[in-house]
Amino acid sequence: MDVVTLGETMVVFTPEVSLSMRYAGSFSKRFGGAETNVAIGVTRLGHRAGWISKVGQDDFGKAMVAFVRGEGVDVSQVQFDDKHPTGLYFKEVKNGNNVNVQYYRKDSAASQLCPDDLNEQYIASAKYLHITGITPALSESCKNSVFNAIEIAKKNGVKVIFDPNLRRKLWSEEVARKVLTEIAALSDIILPGVDEGRFMFGEDDPEKLGELFLQLGPSLVIIKVGAKGAYYFTKEQSALVNGFQVNQVIDPVGAGDAFAAGVISGLLNNLPVDEVVKMGNAVGALATMTLGDFEGLPEKTELENFMSHTYSEDIQR
């Protein structure tokens, strides 16, 4: 296995026309979750990914698992829970700059994930363990599962990639800041945005944030700065890698997950760090051009064509 991730994926309902949800008469059903977005993204780029989670023993859960399996992701570690439902959320996309999301995930099946649900051999078989800051916010047992998964990974030489993916509504700021910092300190690679850096350190400057994150102990920090691109920081070097121009943003939800998928693919391909970040920028840009959390994630050929025909040169030292 190239990458294993764990966390909640939900059923997504989106109005079929660009109206406020209060006026929408019909909705389309999709699926969305940071961890499966990443798993699907790396699978489409030619790698092997596995997803650990729980879903309800209901038609939504069955449809979700079948769908994710159909995308080529290994779902052997997904369990069905007959006491808790599959989580839902509604996404209202008025335009690329106006997206509203409402979650219905309290006491969902995924929030019941616990350390006993983890298979050590399965995690140990991976090259990378992908973690987000969403999962530990779902419940105490989910938080314990994340730390247990990290412990397993570190014991078995599996590199930990952490995307803070802050969700303020899920927990208190004090607890969130403490837990996100603890996970960051245990990670090998961190993929924060500036907003998350500001939340964790009270700092806005990407270069200062890069140094602050490096002091926690990771070997690589990549800070996303939106359309501008992303900065990377190692102990030896740092640079801004310019982003790719997008003519029209259709749906920005999932762009950070797409970025993570591109970065992981670049790492798996043993690319130089600047090329790793460039790939992340490209996959993130492509994801914003299509409605849906994962629908815009590219196949390998599509990504190569996009990168070869779109301007994104000059790494600024």
# chains A, B, ... in the order shown; residues from 1 in each chain; ligands from 1
$ residues_around --residues "A:Gly243" --least-positions-apart "2" --cutoff "9 Å" --atoms "only C-alpha atoms" --output "NGL selection string"
:A and (225-230 or 241 or 245 or 278 or 281-282 or 285 or 311-313)
$ write_last_selection --atoms "all heavy atoms" --output "JSON list (two decimals), in the first residue's frame"
[["chain", "number", "residue", "atom", "x", "y", "z"],
["A", 225, "VAL", "N", -0.91, 28.96, 0.09],
["A", 225, "VAL", "CA", -1.27, 30.38, 0.08],
["A", 225, "VAL", "C", -2.24, 30.67, -1.07],
["A", 225, "VAL", "O", -2.14, 31.68, -1.76],
["A", 225, "VAL", "CB", -0.02, 31.29, 0.01],
["A", 225, "VAL", "CG1", 0.72, 31.27, 1.34],
["A", 225, "VAL", "CG2", 0.91, 30.88, -1.12],
["A", 226, "GLY", "N", -3.20, 29.77, -1.27],
["A", 226, "GLY", "CA", -4.25, 29.98, -2.25],
["A", 226, "GLY", "C", -3.74, 30.01, -3.69],
["A", 226, "GLY", "O", -2.83, 29.25, -4.06],
["A", 227, "ALA", "N", -4.31, 30.91, -4.49],
["A", 227, "ALA", "CA", -3.96, 30.98, -5.90],
["A", 227, "ALA", "C", -2.48, 31.34, -6.11],
["A", 227, "ALA", "O", -1.90, 31.05, -7.16],
["A", 227, "ALA", "CB", -4.84, 32.00, -6.60],
["A", 228, "LYS", "N", -1.88, 31.95, -5.11],
["A", 228, "LYS", "CA", -0.47, 32.33, -5.21],
["A", 228, "LYS", "C", 0.44, 31.11, -5.28],
["A", 228, "LYS", "O", 1.54, 31.18, -5.83],
["A", 228, "LYS", "CB", -0.10, 33.19, -3.99],
["A", 228, "LYS", "CG", 1.29, 33.79, -4.04],
["A", 228, "LYS", "CD", 1.54, 34.66, -2.80],
["A", 228, "LYS", "CE", 2.96, 35.22, -2.78],
["A", 228, "LYS", "NZ", 3.21, 36.03, -1.56],
["A", 229, "GLY", "N", 0.01, 29.99, -4.72],
["A", 229, "GLY", "CA", 0.80, 28.77, -4.74],
["A", 229, "GLY", "C", 1.05, 28.23, -3.35],
["A", 229, "GLY", "O", 0.15, 28.20, -2.51],
["A", 230, "ALA", "N", 2.27, 27.82, -3.07],
["A", 230, "ALA", "CA", 2.61, 27.26, -1.76],
["A", 230, "ALA", "C", 4.10, 27.42, -1.49],
["A", 230, "ALA", "O", 4.93, 27.33, -2.40],
["A", 230, "ALA", "CB", 2.23, 25.78, -1.70],
["A", 241, "VAL", "N", 6.60, 28.23, -4.49],
["A", 241, "VAL", "CA", 6.33, 27.63, -5.80],
["A", 241, "VAL", "C", 5.02, 28.21, -6.29],
["A", 241, "VAL", "O", 3.97, 28.04, -5.65],
["A", 241, "VAL", "CB", 6.24, 26.09, -5.71],
["A", 241, "VAL", "CG1", 5.98, 25.49, -7.08],
["A", 241, "VAL", "CG2", 7.53, 25.51, -5.12],
["A", 245, "GLN", "N", -2.72, 29.22, -12.94],
["A", 245, "GLN", "CA", -3.83, 30.11, -13.22],
["A", 245, "GLN", "C", -5.09, 29.31, -13.52],
["A", 245, "GLN", "O", -5.07, 28.36, -14.30],
["A", 245, "GLN", "CB", -3.51, 31.03, -14.41],
["A", 245, "GLN", "CG", -4.61, 32.02, -14.72],
["A", 245, "GLN", "CD", -4.23, 32.95, -15.86],
["A", 245, "GLN", "OE1", -3.09, 32.94, -16.32],
["A", 245, "GLN", "NE2", -5.18, 33.74, -16.31],
["A", 278, "LYS", "N", 4.84, 21.73, -6.85],
["A", 278, "LYS", "CA", 4.25, 22.11, -8.12],
["A", 278, "LYS", "C", 3.11, 21.15, -8.50],
["A", 278, "LYS", "O", 2.05, 21.57, -8.97],
["A", 278, "LYS", "CB", 5.31, 22.12, -9.21],
["A", 278, "LYS", "CG", 4.83, 22.60, -10.58],
["A", 278, "LYS", "CD", 5.98, 22.64, -11.57],
["A", 278, "LYS", "CE", 5.52, 23.11, -12.94],
["A", 278, "LYS", "NZ", 6.64, 23.15, -13.91],
["A", 281, "ASN", "N", 0.13, 21.96, -6.38],
["A", 281, "ASN", "CA", -0.54, 23.16, -6.89],
["A", 281, "ASN", "C", -1.42, 22.83, -8.10],
["A", 281, "ASN", "O", -2.54, 23.33, -8.23],
["A", 281, "ASN", "CB", 0.50, 24.21, -7.30],
["A", 281, "ASN", "CG", 1.16, 24.89, -6.12],
["A", 281, "ASN", "OD1", 0.64, 24.87, -5.01],
["A", 281, "ASN", "ND2", 2.31, 25.48, -6.35],
["A", 282, "ALA", "N", -0.90, 22.00, -8.99],
["A", 282, "ALA", "CA", -1.63, 21.67, -10.21],
["A", 282, "ALA", "C", -2.90, 20.85, -9.92],
["A", 282, "ALA", "O", -3.97, 21.14, -10.45],
["A", 282, "ALA", "CB", -0.72, 20.89, -11.16],
["A", 285, "ALA", "N", -5.47, 23.10, -8.33],
["A", 285, "ALA", "CA", -6.10, 23.99, -9.30],
["A", 285, "ALA", "C", -7.14, 23.26, -10.13],
["A", 285, "ALA", "O", -8.26, 23.77, -10.35],
["A", 285, "ALA", "CB", -5.02, 24.59, -10.22],
["A", 311, "TYR", "N", 0.98, 27.97, -17.39],
["A", 311, "TYR", "CA", 2.14, 28.68, -16.83],
["A", 311, "TYR", "C", 2.20, 28.53, -15.32],
["A", 311, "TYR", "O", 1.26, 28.81, -14.62],
["A", 311, "TYR", "CB", 2.06, 30.18, -17.17],
["A", 311, "TYR", "CG", 3.14, 30.98, -16.49],
["A", 311, "TYR", "CD1", 4.44, 30.99, -16.96],
["A", 311, "TYR", "CD2", 2.86, 31.72, -15.35],
["A", 311, "TYR", "CE1", 5.43, 31.72, -16.32],
["A", 311, "TYR", "CE2", 3.84, 32.46, -14.69],
["A", 311, "TYR", "CZ", 5.12, 32.44, -15.20],
["A", 311, "TYR", "OH", 6.10, 33.16, -14.56],
["A", 312, "SER", "N", 3.34, 28.07, -14.85],
["A", 312, "SER", "CA", 3.59, 28.02, -13.40],
["A", 312, "SER", "C", 5.09, 27.92, -13.19],
["A", 312, "SER", "O", 5.58, 26.97, -12.58],
["A", 312, "SER", "CB", 2.90, 26.84, -12.77],
["A", 312, "SER", "OG", 3.20, 26.76, -11.40],
["A", 313, "GLU", "N", 5.82, 28.87, -13.70],
["A", 313, "GLU", "CA", 7.27, 28.79, -13.67],
["A", 313, "GLU", "C", 7.87, 29.61, -12.52],
["A", 313, "GLU", "O", 7.16, 30.21, -11.72],
["A", 313, "GLU", "CB", 7.85, 29.27, -15.01],
["A", 313, "GLU", "CG", 7.32, 28.46, -16.21],
["A", 313, "GLU", "CD", 7.68, 26.99, -16.12],
["A", 313, "GLU", "OE1", 8.72, 26.66, -15.54],
["A", 313, "GLU", "OE2", 6.90, 26.18, -16.63]]
$ residues_around --residues "A:Arg69" --least-positions-apart "2" --cutoff "12 Å" --atoms "only C-alpha atoms" --output "list in words"
Thr36, Ala39, Ile40, Thr43, Arg48, Ala49, Gly50, Trp51, Lys62, Ala63, Met64, Val65, Ala66, Phe67, Glu71, Gly72, Val73, Asp74, Val75, Ser76, Gln77 and Val78 of chain A
$ residues_around --residues "stretch 205-219 of chain A" --least-positions-apart "4" --cutoff "9 Å" --atoms "only C-alpha atoms" --output "ChimeraX atom specification"
/A:181-182,184-190,193-194,197-198,201,223-225,231-235,238
$ closest_atom_pairs --of "stretch 187-268 of chain A" --to "stretch 117-138 of chain A" --cutoff "12 Å" --atoms "only C-alpha atoms" --output "tab-separated table"
residue	atom	partner	partner_atom	distance
A:Ser187	CA	A:Ile131	CA	9.1
A:Asp188	CA	A:Tyr128	CA	9.7
A:Ile189	CA	A:His130	CA	9.6
A:Ile190	CA	A:Ile131	CA	9.7
A:Leu191	CA	A:Thr132	CA	9.5
A:Pro192	CA	A:Thr132	CA	10.1
A:Glu196	CA	A:Gly133	CA	10.3
A:Gly256	CA	A:Thr132	CA	11.0
A:Asp257	CA	A:Thr132	CA	9.6
A:Ala260	CA	A:His130	CA	9.0
A:Ala261	CA	A:His130	CA	9.7
A:Val263	CA	A:His130	CA	11.4
A:Ile264	CA	A:Tyr128	CA	8.2
A:Ser265	CA	A:Tyr128	CA	10.6
A:Leu267	CA	A:Tyr128	CA	9.6
A:Leu268	CA	A:Lys127	CA	8.3
$ write_last_selection --atoms "C-alpha atoms" --output "compact mmCIF listing (two decimals), in the first residue's frame"
# COMPACT_ATOMS: atom_id res chain seq x y z
CA SER A 187 4.36 14.29 11.88
CA ASP A 188 7.02 14.03 9.20
CA ILE A 189 5.27 16.31 6.72
CA ILE A 190 2.75 19.09 7.48
CA LEU A 191 0.41 20.75 4.96
CA PRO A 192 -1.21 23.76 6.65
CA GLU A 196 -4.48 27.27 10.19
CA GLY A 256 -6.75 21.37 -0.15
CA ASP A 257 -7.33 17.62 -0.30
CA ALA A 260 -2.42 16.83 -0.58
CA ALA A 261 -3.04 14.10 -3.17
CA VAL A 263 2.00 16.24 -2.97
CA ILE A 264 1.75 12.60 -1.91
CA SER A 265 1.96 11.46 -5.54
CA LEU A 267 6.65 12.14 -2.94
CA LEU A 268 5.84 8.60 -4.05
$ select_by_dssp --residues "stretch 67-269 of chain A" --states "strand (DSSP E or B)" --output "PyMOL selection string"
chain A and resi 74-81+88-95+98-104+128-132+159-163+189-190+193+220-224+229-233+238-242
$ write_last_selection --atoms "N, CA and C atoms" --output "compact mmCIF listing (two decimals), in the first residue's frame"
# COMPACT_ATOMS: atom_id res chain seq x y z
N ASP A 74 -8.82 0.81 -1.63
CA ASP A 74 -9.07 -0.38 -0.81
C ASP A 74 -9.95 -0.01 0.38
N VAL A 75 -11.07 -0.69 0.53
CA VAL A 75 -12.02 -0.40 1.61
C VAL A 75 -12.15 -1.57 2.57
N SER A 76 -11.15 -2.44 2.60
CA SER A 76 -11.22 -3.63 3.45
C SER A 76 -11.24 -3.29 4.93
N GLN A 77 -10.80 -2.07 5.28
CA GLN A 77 -10.76 -1.67 6.69
C GLN A 77 -11.93 -0.76 7.07
N VAL A 78 -12.94 -0.67 6.23
CA VAL A 78 -14.14 0.10 6.54
C VAL A 78 -15.16 -0.83 7.18
N GLN A 79 -15.66 -0.45 8.35
CA GLN A 79 -16.61 -1.28 9.08
C GLN A 79 -18.02 -0.68 9.02
N PHE A 80 -19.02 -1.55 9.05
CA PHE A 80 -20.41 -1.11 9.07
C PHE A 80 -20.93 -1.13 10.51
N ASP A 81 -21.61 -0.07 10.90
CA ASP A 81 -22.13 0.11 12.25
C ASP A 81 -23.66 0.10 12.19
N LEU A 88 -24.15 13.07 7.06
CA LEU A 88 -24.62 13.81 5.89
C LEU A 88 -24.12 15.25 5.96
N TYR A 89 -24.00 15.88 4.78
CA TYR A 89 -23.90 17.33 4.78
C TYR A 89 -24.49 17.90 3.50
N PHE A 90 -24.92 19.14 3.62
CA PHE A 90 -25.52 19.86 2.51
C PHE A 90 -24.57 20.97 2.09
N LYS A 91 -24.35 21.07 0.78
CA LYS A 91 -23.42 22.07 0.25
C LYS A 91 -24.14 22.95 -0.77
N GLU A 92 -24.14 24.22 -0.48
CA GLU A 92 -24.79 25.22 -1.33
C GLU A 92 -23.71 25.99 -2.08
N VAL A 93 -23.65 25.83 -3.40
CA VAL A 93 -22.65 26.49 -4.22
C VAL A 93 -23.33 27.55 -5.07
N LYS A 94 -23.30 28.80 -4.61
CA LYS A 94 -23.89 29.89 -5.39
C LYS A 94 -22.93 30.31 -6.49
N ASN A 95 -21.64 30.35 -6.16
CA ASN A 95 -20.57 30.57 -7.14
C ASN A 95 -19.27 30.16 -6.46
N ASN A 98 -18.69 31.74 -3.10
CA ASN A 98 -19.80 31.73 -2.14
C ASN A 98 -20.32 30.32 -1.98
N VAL A 99 -19.70 29.58 -1.06
CA VAL A 99 -20.07 28.18 -0.80
C VAL A 99 -20.42 28.05 0.67
N ASN A 100 -21.59 27.50 0.96
CA ASN A 100 -22.02 27.29 2.34
C ASN A 100 -22.22 25.80 2.58
N VAL A 101 -21.78 25.35 3.75
CA VAL A 101 -21.87 23.93 4.09
C VAL A 101 -22.55 23.77 5.43
N GLN A 102 -23.46 22.80 5.52
CA GLN A 102 -24.13 22.48 6.78
C GLN A 102 -23.98 20.99 7.04
N TYR A 103 -23.36 20.64 8.19
CA TYR A 103 -23.10 19.24 8.51
C TYR A 103 -24.17 18.65 9.43
N TYR A 104 -24.44 17.37 9.23
CA TYR A 104 -25.29 16.58 10.12
C TYR A 104 -24.53 15.28 10.41
N TYR A 128 3.04 5.85 3.50
CA TYR A 128 2.60 7.08 4.14
C TYR A 128 1.27 6.86 4.85
N LEU A 129 1.13 7.49 6.02
CA LEU A 129 -0.14 7.57 6.73
C LEU A 129 -0.61 9.01 6.63
N HIS A 130 -1.78 9.22 6.05
CA HIS A 130 -2.34 10.56 5.89
C HIS A 130 -3.37 10.82 6.98
N ILE A 131 -3.17 11.91 7.73
CA ILE A 131 -4.03 12.28 8.84
C ILE A 131 -4.54 13.70 8.63
N THR A 132 -5.80 13.97 8.98
CA THR A 132 -6.27 15.35 9.00
C THR A 132 -6.71 15.73 10.41
N LYS A 159 5.89 7.06 7.16
CA LYS A 159 5.92 8.52 7.31
C LYS A 159 4.50 9.07 7.50
N VAL A 160 4.36 10.04 8.39
CA VAL A 160 3.07 10.64 8.72
C VAL A 160 2.93 11.98 8.02
N ILE A 161 1.88 12.12 7.22
CA ILE A 161 1.55 13.38 6.55
C ILE A 161 0.32 13.96 7.22
N PHE A 162 0.41 15.20 7.69
CA PHE A 162 -0.67 15.81 8.47
C PHE A 162 -1.18 17.08 7.81
N ASP A 163 -2.47 17.11 7.53
CA ASP A 163 -3.15 18.31 7.06
C ASP A 163 -4.05 18.79 8.20
N ILE A 189 5.59 15.31 7.73
CA ILE A 189 5.27 16.31 6.72
C ILE A 189 3.98 17.00 7.14
N ILE A 190 3.94 18.33 7.07
CA ILE A 190 2.75 19.09 7.48
C ILE A 190 2.30 19.96 6.32
N GLY A 193 -2.62 25.55 5.83
CA GLY A 193 -2.86 26.81 5.15
C GLY A 193 -2.48 27.94 6.09
N LEU A 220 9.54 18.33 6.56
CA LEU A 220 9.04 19.13 5.45
C LEU A 220 7.74 19.81 5.86
N VAL A 221 7.67 21.11 5.63
CA VAL A 221 6.45 21.89 5.86
C VAL A 221 6.08 22.57 4.54
N ILE A 222 4.82 22.43 4.12
CA ILE A 222 4.33 23.08 2.90
C ILE A 222 3.13 23.92 3.29
N ILE A 223 3.25 25.23 3.11
CA ILE A 223 2.18 26.15 3.51
C ILE A 223 1.45 26.66 2.28
N LYS A 224 0.16 26.37 2.20
CA LYS A 224 -0.66 26.76 1.06
C LYS A 224 -1.05 28.24 1.18
N GLY A 229 0.01 29.99 -4.72
CA GLY A 229 0.80 28.77 -4.74
C GLY A 229 1.05 28.23 -3.35
N ALA A 230 2.27 27.82 -3.07
CA ALA A 230 2.61 27.26 -1.76
C ALA A 230 4.10 27.42 -1.49
N TYR A 231 4.42 27.67 -0.23
CA TYR A 231 5.80 27.72 0.23
C TYR A 231 6.19 26.34 0.77
N TYR A 232 7.44 25.97 0.55
CA TYR A 232 7.93 24.78 1.24
C TYR A 232 9.13 25.15 2.09
N PHE A 233 9.31 24.39 3.16
CA PHE A 233 10.39 24.64 4.11
C PHE A 233 11.00 23.31 4.54
N SER A 238 14.15 26.78 1.46
CA SER A 238 12.74 27.16 1.42
C SER A 238 12.50 27.95 0.14
N ALA A 239 11.26 27.93 -0.34
CA ALA A 239 10.93 28.66 -1.57
C ALA A 239 9.43 28.75 -1.71
N LEU A 240 9.00 29.71 -2.52
CA LEU A 240 7.61 29.80 -2.96
C LEU A 240 7.51 29.17 -4.33
N VAL A 241 6.60 28.23 -4.49
CA VAL A 241 6.33 27.63 -5.80
C VAL A 241 5.02 28.21 -6.29
N ASN A 242 5.08 28.93 -7.41
CA ASN A 242 3.91 29.64 -7.91
C ASN A 242 2.76 28.70 -8.26
$ select_by_dssp --residues "stretch 136-289 of chain A" --states "alpha helix (DSSP H)" --output "PyMOL selection string"
chain A and resi 136-138+140-155+173-186+194-201+206-214+255-268+273-287
$ write_last_selection --atoms "C-alpha atoms" --output "mmCIF file, in the first residue's frame"
data_model
loop_
_atom_site.group_PDB
_atom_site.id
_atom_site.type_symbol
_atom_site.label_atom_id
_atom_site.label_comp_id
_atom_site.auth_asym_id
_atom_site.auth_seq_id
_atom_site.Cartn_x
_atom_site.Cartn_y
_atom_site.Cartn_z
ATOM 1 C CA PRO A 136 -9.637 13.883 16.122
ATOM 2 C CA ALA A 137 -12.353 16.549 16.416
ATOM 3 C CA LEU A 138 -15.190 14.064 15.881
ATOM 4 C CA GLU A 140 -12.598 11.284 22.017
ATOM 5 C CA SER A 141 -12.378 7.782 20.543
ATOM 6 C CA CYS A 142 -11.542 9.217 17.113
ATOM 7 C CA LYS A 143 -8.825 11.359 18.649
ATOM 8 C CA ASN A 144 -7.381 8.303 20.390
ATOM 9 C CA SER A 145 -7.544 6.391 17.111
ATOM 10 C CA VAL A 146 -5.532 9.073 15.340
ATOM 11 C CA PHE A 147 -2.802 9.052 17.968
ATOM 12 C CA ASN A 148 -2.771 5.254 17.954
ATOM 13 C CA ALA A 149 -2.451 5.194 14.158
ATOM 14 C CA ILE A 150 0.463 7.642 14.361
ATOM 15 C CA GLU A 151 2.140 5.480 17.011
ATOM 16 C CA ILE A 152 1.771 2.421 14.778
ATOM 17 C CA ALA A 153 3.152 4.321 11.798
ATOM 18 C CA LYS A 154 6.190 5.611 13.650
ATOM 19 C CA LYS A 155 6.932 2.182 15.103
ATOM 20 C CA GLU A 173 -10.385 26.532 20.119
ATOM 21 C CA GLU A 174 -8.312 25.617 23.162
ATOM 22 C CA VAL A 175 -8.631 21.872 22.613
ATOM 23 C CA ALA A 176 -8.201 22.188 18.853
ATOM 24 C CA ARG A 177 -5.005 24.206 19.156
ATOM 25 C CA LYS A 178 -3.528 21.751 21.670
ATOM 26 C CA VAL A 179 -4.376 18.608 19.696
ATOM 27 C CA LEU A 180 -3.357 20.003 16.297
ATOM 28 C CA THR A 181 -0.001 21.096 17.717
ATOM 29 C CA GLU A 182 0.554 17.679 19.301
ATOM 30 C CA ILE A 183 -0.165 15.901 16.013
ATOM 31 C CA ALA A 184 2.027 18.328 14.081
ATOM 32 C CA ALA A 185 4.917 17.563 16.435
ATOM 33 C CA LEU A 186 4.560 13.838 15.656
ATOM 34 C CA VAL A 194 -2.092 30.312 6.406
ATOM 35 C CA ASP A 195 -5.430 30.410 8.276
ATOM 36 C CA GLU A 196 -4.482 27.273 10.190
ATOM 37 C CA GLY A 197 -1.050 28.682 10.923
ATOM 38 C CA ARG A 198 -2.655 31.831 12.276
ATOM 39 C CA PHE A 199 -4.950 29.738 14.463
ATOM 40 C CA MET A 200 -2.101 27.641 15.838
ATOM 41 C CA PHE A 201 0.595 30.304 16.244
ATOM 42 C CA PRO A 206 4.114 32.273 5.657
ATOM 43 C CA GLU A 207 7.884 32.389 6.072
ATOM 44 C CA LYS A 208 7.638 32.849 9.825
ATOM 45 C CA LEU A 209 5.010 30.114 9.972
ATOM 46 C CA GLY A 210 7.315 27.773 8.096
ATOM 47 C CA GLU A 211 10.007 28.237 10.724
ATOM 48 C CA LEU A 212 7.533 27.803 13.576
ATOM 49 C CA PHE A 213 6.207 24.545 12.129
ATOM 50 C CA LEU A 214 9.748 23.259 11.462
ATOM 51 C CA ALA A 255 -8.945 21.876 -3.224
ATOM 52 C CA GLY A 256 -6.754 21.366 -0.146
ATOM 53 C CA ASP A 257 -7.334 17.621 -0.298
ATOM 54 C CA ALA A 258 -6.466 17.651 -3.993
ATOM 55 C CA PHE A 259 -3.276 19.522 -3.133
ATOM 56 C CA ALA A 260 -2.418 16.831 -0.583
ATOM 57 C CA ALA A 261 -3.039 14.098 -3.167
ATOM 58 C CA GLY A 262 -0.698 15.812 -5.624
ATOM 59 C CA VAL A 263 2.000 16.239 -2.972
ATOM 60 C CA ILE A 264 1.746 12.601 -1.911
ATOM 61 C CA SER A 265 1.955 11.457 -5.541
ATOM 62 C CA GLY A 266 5.049 13.585 -6.049
ATOM 63 C CA LEU A 267 6.651 12.139 -2.935
ATOM 64 C CA LEU A 268 5.844 8.597 -4.053
ATOM 65 C CA VAL A 273 10.638 18.983 -3.347
ATOM 66 C CA ASP A 274 9.884 21.918 -5.657
ATOM 67 C CA GLU A 275 8.337 19.532 -8.194
ATOM 68 C CA VAL A 276 6.349 17.866 -5.404
ATOM 69 C CA VAL A 277 4.820 21.220 -4.474
ATOM 70 C CA LYS A 278 4.246 22.106 -8.125
ATOM 71 C CA MET A 279 2.283 18.894 -8.563
ATOM 72 C CA GLY A 280 0.224 19.704 -5.482
ATOM 73 C CA ASN A 281 -0.542 23.156 -6.892
ATOM 74 C CA ALA A 282 -1.632 21.666 -10.211
ATOM 75 C CA VAL A 283 -3.951 19.024 -8.741
ATOM 76 C CA GLY A 284 -5.450 21.631 -6.405
ATOM 77 C CA ALA A 285 -6.096 23.993 -9.301
ATOM 78 C CA LEU A 286 -7.756 21.310 -11.407
ATOM 79 C CA ALA A 287 -10.048 20.333 -8.530
#
$ residues_around --residues "A:Glu16" --least-positions-apart "4" --cutoff "7 Å" --atoms "only C-alpha atoms" --output "mmCIF file with all heavy atoms, in the first residue's frame"
data_model
loop_
_atom_site.group_PDB
_atom_site.id
_atom_site.type_symbol
_atom_site.label_atom_id
_atom_site.label_comp_id
_atom_site.auth_asym_id
_atom_site.auth_seq_id
_atom_site.Cartn_x
_atom_site.Cartn_y
_atom_site.Cartn_z
ATOM 1 N N SER A 26 -34.830 20.403 -5.379
ATOM 2 C CA SER A 26 -34.237 19.093 -5.634
ATOM 3 C C SER A 26 -32.726 19.165 -5.400
ATOM 4 O O SER A 26 -32.099 20.212 -5.580
ATOM 5 C CB SER A 26 -34.525 18.625 -7.059
ATOM 6 O OG SER A 26 -34.061 19.569 -7.998
ATOM 7 N N PHE A 27 -32.171 18.054 -4.989
ATOM 8 C CA PHE A 27 -30.753 17.979 -4.640
ATOM 9 C C PHE A 27 -30.124 16.777 -5.333
ATOM 10 O O PHE A 27 -30.769 15.740 -5.497
ATOM 11 C CB PHE A 27 -30.577 17.809 -3.126
ATOM 12 C CG PHE A 27 -31.051 18.984 -2.308
ATOM 13 C CD1 PHE A 27 -32.400 19.188 -2.053
ATOM 14 C CD2 PHE A 27 -30.136 19.881 -1.769
ATOM 15 C CE1 PHE A 27 -32.839 20.260 -1.295
ATOM 16 C CE2 PHE A 27 -30.557 20.958 -1.009
ATOM 17 C CZ PHE A 27 -31.910 21.145 -0.775
ATOM 18 N N SER A 28 -28.863 16.915 -5.697
ATOM 19 C CA SER A 28 -28.109 15.772 -6.209
ATOM 20 C C SER A 28 -27.311 15.161 -5.060
ATOM 21 O O SER A 28 -26.917 15.852 -4.123
ATOM 22 C CB SER A 28 -27.165 16.219 -7.331
ATOM 23 O OG SER A 28 -26.229 17.168 -6.846
#
$ atom_distance --atom1 "atom CA of A:Ala109" --atom2 "atom CA of A:Asp82"
8.4 Å
$ atom_distance --atom1 "atom CA of A:Pro15" --atom2 "atom CA of A:Gln57"
25.8 Å
$ atom_distance --atom1 "atom CA of A:Thr288" --atom2 "atom CA of A:Asn270"
25.9 Å
